[in-house]
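See below for the structure under consideration.
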Amino acid sequence: MSGLPGAAAIAGIGATEFSKESGRSELQLACEAVLAAITDAGLEPSDVDGLVTFTADTSSEIHIARNLGIGELTFFSRVGYGGGAACGTVQQAAMAVATGVADVVVCYRAFNERSGERYGLGQADRPMDVSADRAAYSWMTPFGLSTPAQWVAMFATRYMHEYGVTSEDFGRVAVVDRAHAATNPKAWFHGRPITLEEHQASRWIAEPLHLLDCCQESDGGQALVVVSARRARDLPHTPALIWGAAQGSGNDQHMMTSYYRSEISGIPEMGLVGRQLYAQSGLTPADIQAAILYDHFTPLVLPQLEELGFCARGEAKDFIADGNLSLTGRLPFNTHGGQLGEAYIHGMNGIAEAVRLLRGTSVNQPGDVHNVLVTAGTGVPTSGLILGADQ
Amino acid sequence: MSGAGEDYEELLRAWVGRELVARRPGQDPVNVPMIRHWVEAMEDPNPVYLDEDAAKATGRDGVVAPASMIQAWTMRGYAATVHPSAERSGFDELVALLAEGGYTSVVATDSELEFERELVPGDHVSVEEHVESISAEKQTGLGAGRFVSTVKTYRDASGEVVATQRWRTLRYRPAEKPAPDKPKALRPRPAINPDNAFWFEAAREHRLVVQRCADCKSLRHPPGPCCPQCGSFAWDTVESSGRGHVYTFTVNHHPRHPAFDYPLVVAVIELAEGTRLIANMAGVEPADVAVGMPVVLDWIDPDPDLSLPVFRPAAHEER
């Protein structure tokens with residue numbers, strides 16, 4: 001890997017407010033977020049020549065370009081697999097910039113996921129076609145297994161069984177997320193921390209998942225501006241250099257239902273992402289000062305810590321119980337409050353938080369941060385980033 | 001007020017034997033024109049009602065009124081029906097008391113008539129009505145109700161009884177309308193395509209099959225067109241023994257789909273053959289499901305077009 005590490009940087013971040021009912025179209029949210037990110041980078045819409053989003057996004061690149069007066073595009077791309085796409089959009093942008101295909105690429109994601117189509121309600125009554133993607137649900141929805149929480153619950157039960165993990169071990173992740181959200185004015189749960197007892201008392205969604213193991217459903221948009229490292233140095237903010245950007249799809253990969261592998265207590269696709277990130281950046285887990293780990297559901301935070309080498313297999317529960325995820329711990333985690341606390345913007349808001357950590361502007365800044373590891377959706381083909389300071 | 005309290009029973013009992021309608025003469029005496037309307041409407045060809053000679057030929061003094069007209073001679077008529085008197089009769093009071101008990105609906109059940117003599121034109125008939133009995137509450141197809149029997153006594157101008165009528169109605173509380181006859185929601189349909197149809201077709205025959213590579217013989221599930229081990233597109237199936245164990249599971253609480261009962265156990269079953277599949281559990285409480293639990297195959301037919309495997313805990317002899 002020669003061309004990618006350090007070649008590009010995130011120079012601008014922008015978002016809408018995060019809410020439960022935006023009252024505007026998803027396209028408008030996307031336009032607002034993209035424009036805010038361009039402005040944050042000190043650029044003009046006409047400077048942009050590339051756009052990347054999720055296949056799940058309803059606002060195509062051409063609509064963004066046309067509405068914001070971006071004009072011509074030389075690069076446009078989409079990444080699939082739901083929240084697994086988040087860091088993948090930045091990888092696409094970084095590769096485009098590193099190869100000279102584009103100069104300024106904006107990655108974006110915007111939706112009315114709470115007031116519009118709610119993912120949490122599941123796939124049961126979605127229209128059926130007979131594509132391979134749709135047919136994959138034939139092994140789930142007729143049995144009443146149709147929501148992300150239910151899919152993840154299967155992994156959680158097995159993980160608990162193999163490593164003697166309890167619901168409280170999952171709850172500690174939620175408590176950290178909500179503690180960080182409590183001091184973040186942009187977070188939906190600003191000022192509303194929770195205790196482990198409240199986590200335990202919250203109602204069942206899909207055993208072993210309590211309500212407070214589940215992320216929010218949110219309306220909002222987030223965008224990120226990617227330019228070359230050289231250009232970033234001339235822009236207003238401290239660049240967040242992209243030292244690692246990787247995607248991963250594992251053996252016998254399914255959409256959040258990879259139950260057919262010999263073991264299901266790990267997340268091999270995340271291990272694959274992690275190995276690439278460390279190889280690209282030349283860094284090790286010891287070089288990472290903070291982590292933004294995808295937290296749609298708390299149980300899958302634990303095997304992420306293991307796959308990414310922050311602790312050994314089966315030891316995440318102890319790593320967390322020892323306080324390592326707090327602001328004063330070994331690995332400050334989800335300093336924005338995560339998707340449980342701040343908002344569920346399909347992981348894109350976490351990348352923005354990593355940029356703030358490197359700028360030193362997080363509301364929960366844990367001191368000097370030189371390298372941040374960010375992950376995207378778990379249980380699905382996924383992606384990750386190591387963002388770092390200029391060297 | 002409910003229809004069951006002791007006080008209420010007492011109030012109803014007090015009505016038994018009471019007069020509902022005081023003796024009231026019919027508006028008109030028995031007359032031929034009204035008889036003619038009746039027999040024409042009823043298409044009753046008996047000549048004794050209108051043909052004086054035919055009537056006499058039967059030994060009568062002249063024409064007679066059809067017996068079944070007895071009630072007609074005392075009916076209150078159109079005007080009084082459209083504009084009923086404001087004065088409350090005993091009948092109104094009893095109806096109100098029954099309504100207080102929730103018996104707001106009525107259906108006539110039967111009428112028994114006894115005739116003392118035939119009526120002839122010129123007879124002026126009156127009627128009076130008494131309560132004979134009010135039953136205890138009965139469960140009926142229409143709802144819970146009480147049978148109210150009254151006796152109407154018909155007399156001529158001299159006060160002689162010409163007929164009696166035992167008249168029974170059911171005063172009932174309309175049964176809660178069952179939710180509009182909506183069949184239970186169907187389970188979400190599988191998306192059947194050329195790669196998975198065989199599995200669902202076998203399930204219709206209650207056979208659990210596993211796809212097998214026709215070349216390297218490795219099993220795979222969920223199925224697909226190509227063998228990931230050897231690249232062969234040729235495949236057949238083997239029938240599972242139906243034995244296995246719970247590899248992992250979840251108990252679903254929210255959101256709820258109308259096709260299922262909750263809490264709903266969904267498990268990943270590892271079959272003895274080595275492949276895994278998702279299925280529901282049966283014959284076990286959610287709290288008793290455990291990873292590693294030995295299970296055996298059973299089948300459910302949630303609707304006419306769908307059969308699915310379900311697993312229940314294996315009895316010891318089945319393990």
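By convention here, the chains of the structure tokens are called A, B, ... in the order presented, each chain's residues are numbered starting at 1, and ligands are numbered starting at 1 in the order presented.
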
Residues of chain A at most 8 Å from chain B: nearest atom pair and distance in Å, only C-alpha atoms, as a Markdown table:
| residue | atom | partner | partner_atom | distance |
| --- | --- | --- | --- | --- |
| A:Leu121 | CA | B:Pro255 | CA | 6.2 |
| A:Ala124 | CA | B:Pro188 | CA | 5.6 |
| A:Asp125 | CA | B:Pro188 | CA | 6.6 |
| A:Met128 | CA | B:Ala191 | CA | 5.9 |
| A:Asp129 | CA | B:Ala191 | CA | 6.3 |
| A:Val130 | CA | B:Ala191 | CA | 5.3 |
| A:Ser131 | CA | B:Asn193 | CA | 7.7 |
| A:Arg134 | CA | B:Ala191 | CA | 6.6 |
| A:Ala135 | CA | B:Ala191 | CA | 4.8 |
| A:Tyr137 | CA | B:Pro190 | CA | 7.1 |
| A:Ser138 | CA | B:Pro190 | CA | 4.2 |
| A:Trp139 | CA | B:Ile278 | CA | 6.5 |
| A:Met140 | CA | B:Ile278 | CA | 6.6 |
| A:Thr141 | CA | B:Pro188 | CA | 5.8 |
| A:Pro142 | CA | B:Pro188 | CA | 4.9 |
| A:Phe143 | CA | B:Ala279 | CA | 6.0 |
| A:Gly144 | CA | B:Phe260 | CA | 7.0 |
| A:Leu145 | CA | B:Val266 | CA | 6.8 |
| A:Gln150 | CA | B:Thr250 | CA | 6.7 |
| A:Ala153 | CA | B:Thr250 | CA | 5.7 |
| A:Met154 | CA | B:Phe249 | CA | 5.2 |
| A:Phe155 | CA | B:Thr248 | CA | 7.4 |
| A:Thr157 | CA | B:Thr248 | CA | 6.0 |
| A:Arg158 | CA | B:Thr248 | CA | 5.4 |
| A:His161 | CA | B:Val291 | CA | 7.2 |
| A:Trp204 | CA | B:His253 | CA | 6.2 |
| A:Ile205 | CA | B:His254 | CA | 4.9 |
| A:Ala206 | CA | B:Asn252 | CA | 4.2 |
| A:Glu207 | CA | B:Val251 | CA | 4.9 |
| A:Pro208 | CA | B:Thr250 | CA | 6.8 |
| A:Tyr259 | CA | B:Val268 | CA | 7.4 |
| A:Tyr260 | CA | B:Arg276 | CA | 6.0 |

Exercise. Run DSSP on the backbone of this structure and report the residues of region 207-274 of chain A it assigns to strand (DSSP E), as a PyMOL selection string.
Key: chain A and resi 207+209-210+219-228+240-248

Quiz prompt | B:Ile70, B:Met75, B:Leu97, B:Ala197 ranked by distance to Arg13 (chain B), top pick (using only C-alpha atoms) | solution =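 Going through B:Ile70, B:Met75, B:Leu97, B:Ala197 one by one, the smallest distance to Arg13 (chain B) is for B:Leu97.
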
Exercise. Would you mind reading off the distance between CA of Pro174 (chain B) and CA of Tyr103 (chain B), one decimal, in Å?
Key: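 So the answer is 7.6 Å.
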
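Summary of the local environment: counting only C-alpha atoms, residues at most 12 Å from His254 (chain A), other than itself and those fewer than 6 positions away along its chain, are A:Tyr81, A:Ala132, A:Asp133, A:Ala136, A:Tyr137, A:Trp139, A:Met140, A:Trp151, A:Tyr260, A:Arg261, A:Ile264, A:Ile267, A:Pro268, A:Glu269, A:Thr378, A:Gly379, A:Val380, A:Pro381, A:Thr382, B:His221, B:Pro222.
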
Write a file of the just-selected residues containing C-alpha atoms, as a short mmCIF file (atom, residue, chain, number, x, y, z; two decimals), in the first residue's frame.
data_model
loop_
_atom_site.label_atom_id
_atom_site.label_comp_id
_atom_site.auth_asym_id
_atom_site.auth_seq_id
_atom_site.Cartn_x
_atom_site.Cartn_y
_atom_site.Cartn_z
CA TYR A 81 -24.40 -2.61 2.99
CA ALA A 132 -30.68 -12.56 -4.28
CA ASP A 133 -30.65 -9.77 -1.69
CA ALA A 136 -31.88 -13.85 1.62
CA TYR A 137 -34.68 -12.65 3.90
CA TRP A 139 -34.57 -17.58 5.74
CA MET A 140 -35.55 -15.03 8.37
CA TRP A 151 -30.31 -10.22 14.11
CA TYR A 260 -23.34 -20.10 9.38
CA ARG A 261 -19.63 -19.65 10.03
CA ILE A 264 -19.99 -16.40 15.32
CA ILE A 267 -16.57 -10.19 13.63
CA PRO A 268 -14.07 -11.48 11.06
CA GLU A 269 -14.87 -8.74 8.55
CA THR A 378 -21.02 -4.29 12.36
CA GLY A 379 -22.43 -7.61 11.22
CA VAL A 380 -22.42 -6.39 7.63
CA PRO A 381 -19.66 -5.87 5.07
CA THR A 382 -17.96 -2.98 6.74
CA HIS B 221 -27.38 -23.69 3.76
CA PRO B 222 -28.73 -21.17 3.01
#

Practice problem: Considering only C-alpha atoms, state which residue in the set B:Gly101, B:Pro33, B:Pro121, B:Pro25 is at the smallest distance from Val64 (chain B). | Solution: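 Using only C-alpha atoms, Val64 (chain B) sits closest to B:Pro121.
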
Exercise. Would you mind listing what lies within 6 Å of Glu113 (chain A) as number ranges by chain, with only C-alpha atoms counted and same-chain residues fewer than 5 positions away left out?
Key: A: 118, 217-219

Written selection (C-alpha atoms) as an mmCIF file, in the first residue's frame:
data_model
loop_
_atom_site.group_PDB
_atom_site.id
_atom_site.type_symbol
_atom_site.label_atom_id
_atom_site.label_comp_id
_atom_site.auth_asym_id
_atom_site.auth_seq_id
_atom_site.Cartn_x
_atom_site.Cartn_y
_atom_site.Cartn_z
ATOM 1 C CA ARG A 118 -37.632 3.386 10.311
ATOM 2 C CA GLU A 217 -33.558 6.277 15.316
ATOM 3 C CA SER A 218 -32.733 9.750 14.063
ATOM 4 C CA ASP A 219 -33.331 12.302 11.368
#

Practice problem: Identify all residues of region 28-200 of chain B in alpha helix (DSSP H) (DSSP on the backbone) and supply them as an MDAnalysis selection string. | Solution: chainID B and resid 32:42 52:57 77:82 90:100 197:200

Exercise. For Ser240 (chain B), list every protein, DNA or RNA residue within 10 Å, evaluated using only C-alpha atoms, and leave out those in the same chain fewer than 4 positions away; present the list as a list in words.
Key: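 Everything that qualifies: Arg207, Leu208, Val209, Val210, Gly244, Leu271, Ala272, Glu273, Gly274, Thr275 and Leu297 of chain B.
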
Got time to write the residues from that selection, C-alpha atoms, as a PDB file, in the first residue's frame?
ATOM      1  CA  ARG B 207     -39.323 -32.640   4.414  1.00  0.00           C
ATOM      2  CA  LEU B 208     -36.328 -30.689   5.679  1.00  0.00           C
ATOM      3  CA  VAL B 209     -33.720 -30.819   2.964  1.00  0.00           C
ATOM      4  CA  VAL B 210     -30.177 -29.556   2.769  1.00  0.00           C
ATOM      5  CA  GLY B 244     -29.748 -30.979  16.156  1.00  0.00           C
ATOM      6  CA  LEU B 271     -28.370 -29.849  12.499  1.00  0.00           C
ATOM      7  CA  ALA B 272     -26.645 -33.163  13.055  1.00  0.00           C
ATOM      8  CA  GLU B 273     -25.633 -32.909   9.386  1.00  0.00           C
ATOM      9  CA  GLY B 274     -23.574 -29.827  10.286  1.00  0.00           C
ATOM     10  CA  THR B 275     -25.481 -27.050   8.583  1.00  0.00           C
ATOM     11  CA  LEU B 297     -37.753 -31.340  13.996  1.00  0.00           C
TER      12      LEU B 297
END

Practice problem: Skip Ser111 (chain B) itself and residues of its chain fewer than 4 positions away, then list as a VMD selection string all residues within 8 Å of it, counting only C-alpha atoms. | Solution: chain B and resid 165 to 168

Exercise. Quote the spacing between CA of Arg36 (chain B) and CA of Arg23 (chain B) in Å to one decimal place.
Key: 26.8 Å

Within 9 Å of Glu132 (chain B), counting only C-alpha atoms, which residues qualify if same-chain residues fewer than 3 places away don't, as a compact mmCIF listing (two decimals) with C-alpha atoms, in the first residue's frame?
# COMPACT_ATOMS: atom_id res chain seq x y z
CA TRP B 15 -93.27 -7.19 37.15
CA VAL B 16 -94.48 -10.76 36.96
CA GLY B 17 -98.29 -10.80 36.96
CA ARG B 18 -98.52 -7.05 36.46
CA VAL B 148 -90.13 -12.13 28.58
CA SER B 149 -93.49 -13.91 28.26
CA THR B 150 -96.72 -11.97 28.31
CA VAL B 151 -100.31 -13.01 27.87
CA ARG B 166 -98.85 -16.14 24.86
